[in-house]
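See structure below.
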Amino acid sequence: MTTTEARMYYEADADLEAIRNKRIAIIGYGSQGHAHALNLRDSGLNVTVGLHETSASRERSREEGLAVASVREAAEAADIIMVLIPDTEHKKVYEESIQPVMRPGKTLMFAHGFSIHYGQIQPPEGVDVLMVAPKSPGHIMRHLYTQGQGVPALFAVGQDASGTGERTALAYAKGLGCTRAGALRTTFAEETETDLFGEQAVLCGGVTALIKTGFETLVEAGYQPELAYFECMNEMKLIVDLMYQGGLNYMRYSVSDTAEYGDYVSGPRLIDDHVRQEMRAVLRDVQDGSFARRWIEENEQGRPNFERMREADRNHQIEQVGARLRAMMSWIGPEAAPQKQEANPV
């Protein structure tokens, strides 16, 4: 597979003046939307938040000093339109409120390439199609920005009608604070496929399955569920923090020699050639669009399988045990996951 040559871009590579006089519409005000809008506003840029008339986020965004308009009004007035609503809502919202007001010279932006890569949105000729994808949840990006720091980002130029797409994308990334940490150029295809694979095989699917299976193995063998929770869930953060700070070598330096030896001899027994083959199968599903088609169909059918799986995992024993233990550890700021609301994403 051909990919772009890796290069990181930093503060000196980006110029806010490229978008200083542009009107920017942020469509959505969720995790990413609020962070984009506030960071760009605090970088001195002209931001309007586009929300449905019944959106519960209208009051919150106004309280934070932002201009608010309907999605169509914001998109029509904007030079740059950044779509920051759930992927599953992109096609509907784009076709109803954004496509009718698209015209040559505008810039259409995304923070994830799903809708462009899998053809859910097909922008017209004459507009720039760009992506700036911060590699962080929005609230962390916002917090670090206020501390004078930033999170890394990926950026891509999918359609460069103006010839200045890269300059616009880098300026936008700088407005978010991302060029403080570095922006890596990629493509819509590469970002989408690696992001979906990483989520499924490692970051979400792989890690949660590993944690739950380890917990279940200990409990089934007669060990206390509380002890199993500490070993398989609580200590995961400690290990990941070490890897985040200094890589695998620093983690292994920090743990005991016994733990390091166990890493070398037992890790490959678990993550073996069978798992590697399954990972390749997951990647093929992402690359050929099979996963995207299943997810789109699941949403069109009202999410019956998704909701069933979500409910089953919400009630898993590790969640019940963990909630009790975390309630006694106030210093970690324990959080209970609220019910997600998808009915009114913008």
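Chain labels run A, B, ... following the order of the structure tokens; each chain numbers its residues from 1, and ligands are numbered from 1 in the order shown.
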
Contacts of A:Ala336 at 12 Å or less, counting only C-alpha atoms, minus same-chain residues fewer than 5 places along, as a VMD selection string?
-> chain A and resid 314 319 to 320 322 to 324 326 to 327

Taking 2 positions as the minimum chain separation for residues in the same chain, which residues sit within 10 Å of A:Thr168 when counting only C-alpha atoms? Answer as a PDB file with C-alpha atoms, in the first residue's frame.
ATOM      1  CA  ALA A  14       1.792  27.007   9.858  1.00  0.00           C
ATOM      2  CA  ASP A  15       0.458  30.546   9.466  1.00  0.00           C
ATOM      3  CA  LEU A  16      -2.809  31.595  11.099  1.00  0.00           C
ATOM      4  CA  GLU A  17      -3.036  34.480   8.650  1.00  0.00           C
ATOM      5  CA  ALA A  18      -4.126  31.958   6.011  1.00  0.00           C
ATOM      6  CA  ILE A  19      -7.537  31.767   7.707  1.00  0.00           C
ATOM      7  CA  ILE A  80     -14.725  26.939   6.064  1.00  0.00           C
ATOM      8  CA  THR A 107     -13.695  24.567   2.201  1.00  0.00           C
ATOM      9  CA  ASP A 128     -11.398  22.181  -0.977  1.00  0.00           C
ATOM     10  CA  LEU A 130      -9.612  18.803   4.031  1.00  0.00           C
ATOM     11  CA  VAL A 157      -5.940  17.269   1.582  1.00  0.00           C
ATOM     12  CA  SER A 162      -7.839  26.342  -4.503  1.00  0.00           C
ATOM     13  CA  GLY A 163      -4.267  25.105  -4.556  1.00  0.00           C
ATOM     14  CA  THR A 164      -3.883  26.283  -0.952  1.00  0.00           C
ATOM     15  CA  GLY A 165      -5.450  23.323   0.856  1.00  0.00           C
ATOM     16  CA  GLU A 166      -2.341  22.363   2.806  1.00  0.00           C
ATOM     17  CA  LEU A 170      -2.056  23.657   8.776  1.00  0.00           C
ATOM     18  CA  ALA A 171      -3.451  27.038   9.805  1.00  0.00           C
ATOM     19  CA  TYR A 172      -6.555  25.326  11.194  1.00  0.00           C
ATOM     20  CA  ALA A 173      -4.372  22.827  13.083  1.00  0.00           C
ATOM     21  CA  LYS A 174      -2.397  25.734  14.510  1.00  0.00           C
TER      22      LYS A 174
END

Go through A:Ile239, A:Leu154, A:Cys232, A:Val129 one by one, measure the shortest atom-to-atom distance of each to A:Phe215 using only C-alpha atoms, and give the residue with the smallest value.
->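 Distance minimum relative to A:Phe215 lands on A:Cys232.
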
What are the DSSP alpha helix (DSSP H) residues of stretch 34-129 of chain A, as a PyMOL selection string?
-> chain A and resi 34-42+57-63+71-77+87-93+114-117

For A:Ala69, please output as a ChimeraX atom specification all residues within 6 Å (counting only C-alpha atoms; exclusion window: fewer than 2 positions along the same chain).
-> /A:50,73-74

Tell me which protein, DNA and RNA residues are within 12 Å of A:Leu108, counting only C-alpha atoms, leaving out same-chain ones fewer than 4 positions away, and put them as a PyMOL selection string.
-> chain A and resi 24-27+75-76+78-84+94+98-99+101-104+113+116+121-132+156-161+165+168-169

Can you spit out the residues from that selection as a PDB file, in the first residue's frame, using C-alpha atoms?
ATOM      1  CA  ILE A  24     -15.490  29.217  10.154  1.00  0.00           C
ATOM      2  CA  ALA A  25     -18.602  27.135  10.864  1.00  0.00           C
ATOM      3  CA  ILE A  26     -18.238  24.380  13.446  1.00  0.00           C
ATOM      4  CA  ILE A  27     -21.079  21.915  12.882  1.00  0.00           C
ATOM      5  CA  ALA A  75     -22.702  26.682   6.508  1.00  0.00           C
ATOM      6  CA  GLU A  76     -24.065  29.240   4.057  1.00  0.00           C
ATOM      7  CA  ALA A  78     -18.958  30.258   6.208  1.00  0.00           C
ATOM      8  CA  ASP A  79     -15.838  30.029   4.111  1.00  0.00           C
ATOM      9  CA  ILE A  80     -14.725  26.939   6.064  1.00  0.00           C
ATOM     10  CA  ILE A  81     -17.209  24.293   7.236  1.00  0.00           C
ATOM     11  CA  MET A  82     -15.914  21.752   9.766  1.00  0.00           C
ATOM     12  CA  VAL A  83     -18.281  18.798  10.287  1.00  0.00           C
ATOM     13  CA  LEU A  84     -17.982  17.498  13.858  1.00  0.00           C
ATOM     14  CA  TYR A  94     -24.824  17.191   4.776  1.00  0.00           C
ATOM     15  CA  ILE A  98     -24.824  21.789   3.852  1.00  0.00           C
ATOM     16  CA  GLN A  99     -24.936  20.529   0.267  1.00  0.00           C
ATOM     17  CA  VAL A 101     -25.293  25.969   0.154  1.00  0.00           C
ATOM     18  CA  MET A 102     -21.983  24.578  -1.083  1.00  0.00           C
ATOM     19  CA  ARG A 103     -20.404  26.690  -3.766  1.00  0.00           C
ATOM     20  CA  PRO A 104     -16.960  26.992  -5.391  1.00  0.00           C
ATOM     21  CA  GLY A 113     -12.229  10.479   6.945  1.00  0.00           C
ATOM     22  CA  ILE A 116     -15.429  10.797   2.390  1.00  0.00           C
ATOM     23  CA  ILE A 121     -20.494  12.360   1.207  1.00  0.00           C
ATOM     24  CA  GLN A 122     -19.435  13.312  -2.319  1.00  0.00           C
ATOM     25  CA  PRO A 123     -18.413  16.984  -2.368  1.00  0.00           C
ATOM     26  CA  PRO A 124     -18.827  19.015  -5.552  1.00  0.00           C
ATOM     27  CA  GLU A 125     -15.929  20.174  -7.665  1.00  0.00           C
ATOM     28  CA  GLY A 126     -14.566  23.600  -6.920  1.00  0.00           C
ATOM     29  CA  VAL A 127     -14.338  23.205  -3.135  1.00  0.00           C
ATOM     30  CA  ASP A 128     -11.398  22.181  -0.977  1.00  0.00           C
ATOM     31  CA  VAL A 129     -11.929  18.997   1.040  1.00  0.00           C
ATOM     32  CA  LEU A 130      -9.612  18.803   4.031  1.00  0.00           C
ATOM     33  CA  MET A 131      -9.170  16.888   7.245  1.00  0.00           C
ATOM     34  CA  VAL A 132      -7.640  17.882  10.574  1.00  0.00           C
ATOM     35  CA  ALA A 156      -5.047  15.510   4.805  1.00  0.00           C
ATOM     36  CA  VAL A 157      -5.940  17.269   1.582  1.00  0.00           C
ATOM     37  CA  GLY A 158      -8.552  15.241  -0.274  1.00  0.00           C
ATOM     38  CA  GLN A 159      -9.484  17.839  -2.906  1.00  0.00           C
ATOM     39  CA  ASP A 160      -7.405  20.948  -3.512  1.00  0.00           C
ATOM     40  CA  ALA A 161      -9.474  23.157  -5.794  1.00  0.00           C
ATOM     41  CA  GLY A 165      -5.450  23.323   0.856  1.00  0.00           C
ATOM     42  CA  THR A 168      -5.461  26.102   5.185  1.00  0.00           C
ATOM     43  CA  ALA A 169      -5.267  22.745   6.969  1.00  0.00           C
TER      44      ALA A 169
END

Residues of stretch 80-323 of chain A in strand (DSSP E or B), written as a ChimeraX atom specification = /A:80-83,107-110,128-134,153-159,183-185

Option closest in space to A:Ala181, from A:Gly262, A:Pro86, A:Gly105, A:Gly150 [counting only C-alpha atoms] =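 Of all the options, A:Gly150 lies closest to A:Ala181.
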
12 Å contact set for A:Thr208, only C-alpha atoms, chain neighbours under 6 positions out, as a ChimeraX atom specification = /A:199-202,214-215,232-233,236,313,316,318-319

Residues from last step as file, N, CA and C atoms, as an mmCIF file, in the first residue's frame:
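Generated output (part36.cif):
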data_model
loop_
_atom_site.group_PDB
_atom_site.id
_atom_site.type_symbol
_atom_site.label_atom_id
_atom_site.label_comp_id
_atom_site.auth_asym_id
_atom_site.auth_seq_id
_atom_site.Cartn_x
_atom_site.Cartn_y
_atom_site.Cartn_z
ATOM 1 N N GLU A 199 -8.813 1.236 16.655
ATOM 2 C CA GLU A 199 -9.915 1.174 17.622
ATOM 3 C C GLU A 199 -10.369 -0.260 17.858
ATOM 4 N N GLN A 200 -10.504 -1.014 16.783
ATOM 5 C CA GLN A 200 -11.086 -2.351 16.894
ATOM 6 C C GLN A 200 -10.099 -3.393 17.404
ATOM 7 N N ALA A 201 -8.879 -3.368 16.882
ATOM 8 C CA ALA A 201 -7.930 -4.433 17.190
ATOM 9 C C ALA A 201 -7.121 -4.185 18.449
ATOM 10 N N VAL A 202 -6.921 -2.910 18.811
ATOM 11 C CA VAL A 202 -6.045 -2.609 19.942
ATOM 12 C C VAL A 202 -6.731 -1.733 20.983
ATOM 13 N N GLY A 214 -9.174 -11.662 31.046
ATOM 14 C CA GLY A 214 -8.287 -11.873 32.190
ATOM 15 C C GLY A 214 -9.056 -11.879 33.497
ATOM 16 N N PHE A 215 -9.964 -10.923 33.648
ATOM 17 C CA PHE A 215 -10.813 -10.845 34.839
ATOM 18 C C PHE A 215 -11.632 -12.122 35.000
ATOM 19 N N CYS A 232 -6.310 -6.712 36.605
ATOM 20 C CA CYS A 232 -6.581 -6.671 35.163
ATOM 21 C C CYS A 232 -7.101 -5.334 34.652
ATOM 22 N N MET A 233 -7.663 -4.504 35.529
ATOM 23 C CA MET A 233 -8.213 -3.214 35.109
ATOM 24 C C MET A 233 -7.451 -2.060 35.742
ATOM 25 N N MET A 236 -3.885 -1.498 34.680
ATOM 26 C CA MET A 236 -3.703 -1.212 33.260
ATOM 27 C C MET A 236 -3.283 0.236 33.043
ATOM 28 N N ASP A 313 -22.500 -5.388 28.015
ATOM 29 C CA ASP A 313 -21.227 -4.994 28.614
ATOM 30 C C ASP A 313 -21.406 -3.999 29.755
ATOM 31 N N HIS A 316 -21.679 -6.158 32.807
ATOM 32 C CA HIS A 316 -20.638 -7.152 33.065
ATOM 33 C C HIS A 316 -20.158 -7.032 34.516
ATOM 34 N N ILE A 318 -17.261 -7.080 35.819
ATOM 35 C CA ILE A 318 -16.125 -6.196 36.044
ATOM 36 C C ILE A 318 -16.568 -4.746 36.221
ATOM 37 N N GLU A 319 -17.663 -4.369 35.579
ATOM 38 C CA GLU A 319 -18.192 -3.010 35.729
ATOM 39 C C GLU A 319 -18.838 -2.827 37.092
#

Mind checking which residues fall within 10 Å of stretch 294-307 of chain A, counting only C-alpha atoms, ignoring those fewer than 6 positions away in the same chain, and posting them as a list of chain:residue names?
->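 Skipping anything fewer than 6 positions along the chain leaves A:Asp87, A:Thr88, A:Glu89, A:Gln120, A:Asp285.
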
Atom CA of A:His36 to atom CA of A:Gly206: how many Å, to one decimal?
->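 One can read the atom CA of A:His36 to atom CA of A:Gly206 distance as 29.2 Å.
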
Could you work out how far atom CA of A:Pro137 lies from atom CA of A:Tyr9, giving the answer in Å with one decimal?
->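 If I compute the distance from atom CA of A:Tyr9 to atom CA of A:Pro137, I get 20.7 Å.
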
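Counting from atom CA of A:Phe110, the distance to atom CA of A:Gln147 is 25.2 Å.
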
Compile the contact shell of A:Glu11 as a ChimeraX atom specification: residues with an atom at most 9 Å away, counting only C-alpha atoms, same-chain residues fewer than 5 positions apart removed.
-> /A:174,177-182

Just C-alpha atoms for this one: save the residues we selected as an mmCIF file, in the first residue's frame.
data_model
loop_
_atom_site.group_PDB
_atom_site.id
_atom_site.type_symbol
_atom_site.label_atom_id
_atom_site.label_comp_id
_atom_site.auth_asym_id
_atom_site.auth_seq_id
_atom_site.Cartn_x
_atom_site.Cartn_y
_atom_site.Cartn_z
ATOM 1 C CA LYS A 174 -2.397 25.734 14.510
ATOM 2 C CA GLY A 177 -3.001 24.246 19.203
ATOM 3 C CA CYS A 178 -2.048 21.002 17.467
ATOM 4 C CA THR A 179 1.097 22.268 15.763
ATOM 5 C CA ARG A 180 2.539 22.796 19.256
ATOM 6 C CA ALA A 181 2.768 18.984 19.432
ATOM 7 C CA GLY A 182 3.039 18.303 15.711
#

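Distance annotation: of A:Ala183, A:Val321, A:Val49, A:Ala12, the residue with the minimal separation from A:Val71 is A:Val49; atom set is only C-alpha atoms.
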